[in-house]
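This report concerns only the one structure given below.
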Amino acid sequence: MRGLAHPVDLSGSRRGRLRRLLQALENKGLTYILVSTPENVEYLTGFPAASHPPRNCHLIASTEGLRMLLVSRLDLEEAEELVDPHIDVVELKSRLDEAVEKALKGEGRLGVELKYLSCEVVESLRRRLKAERLEDASGLVEELREVKSEEEVELIRKAVKAAERAIERGVEALVEGRSEREVAGIMEAEARMMGADGTAFDTIVSCGPSSSQPHRAAGEGRPARGEPIVVDLGVRVRGYCSDLSRTIVLGEPKPWLEEAIQAVLEAKREAEG
């Protein structure tokens with residue numbers, strides 16, 4: 001692996017995150033929280049819940065010491081290996097509402113992420129736990145995530161570095177006759193060689209007239225000299241993402257493109273005052 005040789009240890013940070021989350025629970029008068037949003041689960045446990053596709057896993061935590069990660073049988077061994085040892089990993093053998101009811105003890109109130117859970121799951125929790133015990137805790141973990149630690153900033157830097165090198169490799173691979181799909185594959189392979197875990201979204205390489213479509217998937221288009229080529233690449237490093245866009249031209253831009261570039265630069269200068 002090139003470029004990202006020095007690992008970043010987040011285990012201490014995650015313990016601090018859980019402590020801050022439990023303090024937030026107390027401030028809201030909650031005893032338990034069910035965290036289901038994949039990005040939030042990954043932030044708190046270290047398990048790669050926000051992969052593609054997202055994993056079916058849920059974290060239950062309480063102010064009374066409960067720390068339990070519910071995962072499917074397929075993810076059990078991986079979770080036991082990756083999750084911080086202060087969190088119990090338990091196979092989700094039944095419906096989520098049944099597993100939550102079994103895990104909860106006492107009569108405390110439960111915070112759930114209503115913005116993520118389906119109506120069916122929420123209604124089943126209401127029936128099992130009594131509606132008055134449930135409260136919306138959407139946004140609680142996101143508030144903790146707003147301020148990044150030095151370790152998180154370093155992982156974002158690594159994601160940016162991997163994407164920058166991947167785009168450099170993509171520019172080297174841009175030759176007449178090579179398809180957008182091939183260039184996208186070359187960039188994604190380079191990002192992984194740089195230590196990325198995967199892409200943050202589908203890589204965009206669009207040539208010529210199709211470059212005006214911001215989210216066009218890489219296809220069979222071919223670069224031509226003087227025409228715009230738009231590249232948009234984002235990669236993930238342990239749950240932290242980069243997102244870089246570049247407009248590239250083979251050779252000299254055609255006169256109409258040069259005029260368009262100058263118009264954009266002039267508008268930018270005007271906007272900046």
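Labeling convention for the structure tokens: chains A, B, ... as they appear, residues from 1 per chain, ligands from 1 in order of appearance.
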So which bits of range 53-223 of chain A end up helix (DSSP H, G or I) when you DSSP the backbone, as JSON, numbers by chain?
{"A": [73, 74, 75, 76, 77, 78, 79, 80, 81, 82, 96, 97, 98, 99, 100, 101, 102, 103, 119, 120, 121, 122, 123, 124, 125, 126, 127, 128, 129, 131, 132, 133, 140, 141, 142, 143, 144, 145, 150, 151, 152, 153, 154, 155, 156, 157, 158, 159, 160, 161, 162, 163, 164, 165, 166, 167, 168, 169, 170, 171, 172, 173, 180, 181, 182, 183, 184, 185, 186, 187, 188, 189, 190, 191, 192, 193, 208, 209, 210, 211, 212]}
When you draw a straight line from CA of Ser118 in chain A to CA of Ser36 in chain A, how long is it in Å?
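Answer for the CA of Ser118 in chain A to CA of Ser36 in chain A separation: 10.7 Å.
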With a distance cut-off of 10 Å and only C-alpha atoms, select the neighbouring residues of Asn56 in chain A, excluding the residue or stretch itself and same-chain residues fewer than 6 positions from it, and output the selection as a tab-separated table (two decimals) with C-alpha atoms, in the first residue's frame.
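The result, stored in part_2.tsv:
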```tsv
chain	number	residue	atom	x	y	z
A	36	SER	CA	-29.36	2.91	13.66
A	37	THR	CA	-27.98	5.39	11.11
A	38	PRO	CA	-24.97	3.53	9.62
A	49	ALA	CA	-21.61	0.07	8.98
A	50	ALA	CA	-21.73	2.73	6.26
A	70	LEU	CA	-26.58	-5.86	17.16
A	71	VAL	CA	-25.32	-7.32	13.86
A	72	SER	CA	-26.40	-10.00	11.40
A	75	ASP	CA	-21.20	-9.69	10.08
A	92	LEU	CA	-29.42	-10.05	15.73
```
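Take CA of Asp88 in chain A and CA of Arg67 in chain A: the distance between them is 6.0 Å.
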Which residue, A:Lys115, A:His58, A:Arg19, A:Arg225, has the smallest gap to Glu252 in chain A when you use only C-alpha atoms?
A:Arg225
I'd like to know which residues of range 24-267 of chain A are strand (DSSP E) (by DSSP, run on the backbone); could you write them as a count of residues only?
47
In Å, rounded to a single decimal, give me how far CA of Leu69 in chain A is from CA of Arg133 in chain A.
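For CA of Arg133 in chain A relative to CA of Leu69 in chain A, the distance reads 21.0 Å.
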Name the residues in contact with Leu30 in chain A at a cut-off of 7 Å, using only C-alpha atoms, excluding same-chain residues fewer than 2 positions from it; report them as a list in words.
Leu25, Glu26, Lys28, Tyr32, Gly108, Arg109, Leu110 and Gly111 of chain A
Would you export the selected residues with C-alpha atoms as a compact mmCIF listing (two decimals), in the first residue's frame, please?
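Once written, out_0.txt looks like this:
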```
# COMPACT_ATOMS: atom_id res chain seq x y z
CA LEU A 25 -28.86 11.33 26.94
CA GLU A 26 -28.94 12.44 30.56
CA LYS A 28 -32.54 14.94 27.47
CA TYR A 32 -31.32 4.41 26.50
CA GLY A 108 -36.28 4.22 31.33
CA ARG A 109 -37.10 6.17 28.18
CA LEU A 110 -35.56 5.19 24.83
CA GLY A 111 -34.30 7.61 22.20
```
Leaving out Val183 in chain A and any residue of its chain fewer than 2 positions from it, which residues lie within 7 Å of it when counting only C-alpha atoms, given as a list of chain:residue names?
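Answer for this query is A:Gly170, A:Ala173, A:Leu174, A:Ser179, A:Glu180, A:Arg181, A:Gly185, A:Ile186, A:Met187.
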Closest to Ile33 in chain A among A:Ala137, A:Leu114, A:Ala99, A:Val122, using only C-alpha atoms?
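Ranking A:Ala137, A:Leu114, A:Ala99, A:Val122 by distance to Ile33 in chain A, first place goes to A:Ala137.
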When you look at range 207-212 of chain A with a cut-off of 6 Å (counting only C-alpha atoms), what residues show up, excluding the ones that are within fewer than 2 positions of it in the same chain? I need them as a PDB file with N, CA and C atoms, in the first residue's frame.
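Final file, out09.pdb:
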```
ATOM      1  N   PRO A 223     -12.538  10.643 -24.751  1.00  0.00           N
ATOM      2  CA  PRO A 223     -12.007  11.999 -24.763  1.00  0.00           C
ATOM      3  C   PRO A 223     -11.558  12.422 -26.156  1.00  0.00           C
ATOM      4  N   GLU A 227     -11.719  19.266 -26.094  1.00  0.00           N
ATOM      5  CA  GLU A 227     -13.047  19.179 -25.488  1.00  0.00           C
ATOM      6  C   GLU A 227     -12.931  19.046 -23.952  1.00  0.00           C
ATOM      7  N   PRO A 228     -13.923  19.548 -23.208  1.00  0.00           N
ATOM      8  CA  PRO A 228     -13.857  19.417 -21.747  1.00  0.00           C
ATOM      9  C   PRO A 228     -14.095  17.985 -21.289  1.00  0.00           C
ATOM     10  N   ILE A 229     -13.372  17.602 -20.252  1.00  0.00           N
ATOM     11  CA  ILE A 229     -13.548  16.302 -19.607  1.00  0.00           C
ATOM     12  C   ILE A 229     -13.720  16.577 -18.118  1.00  0.00           C
ATOM     13  N   VAL A 230     -14.852  16.192 -17.547  1.00  0.00           N
ATOM     14  CA  VAL A 230     -15.105  16.429 -16.127  1.00  0.00           C
ATOM     15  C   VAL A 230     -14.890  15.129 -15.357  1.00  0.00           C
TER      16      VAL A 230
END
```
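Across A:Cys57, A:Ser242, A:Val231, A:Ala271, the tightest approach to Gln213 in chain A is made by A:Val231 when counting only C-alpha atoms.
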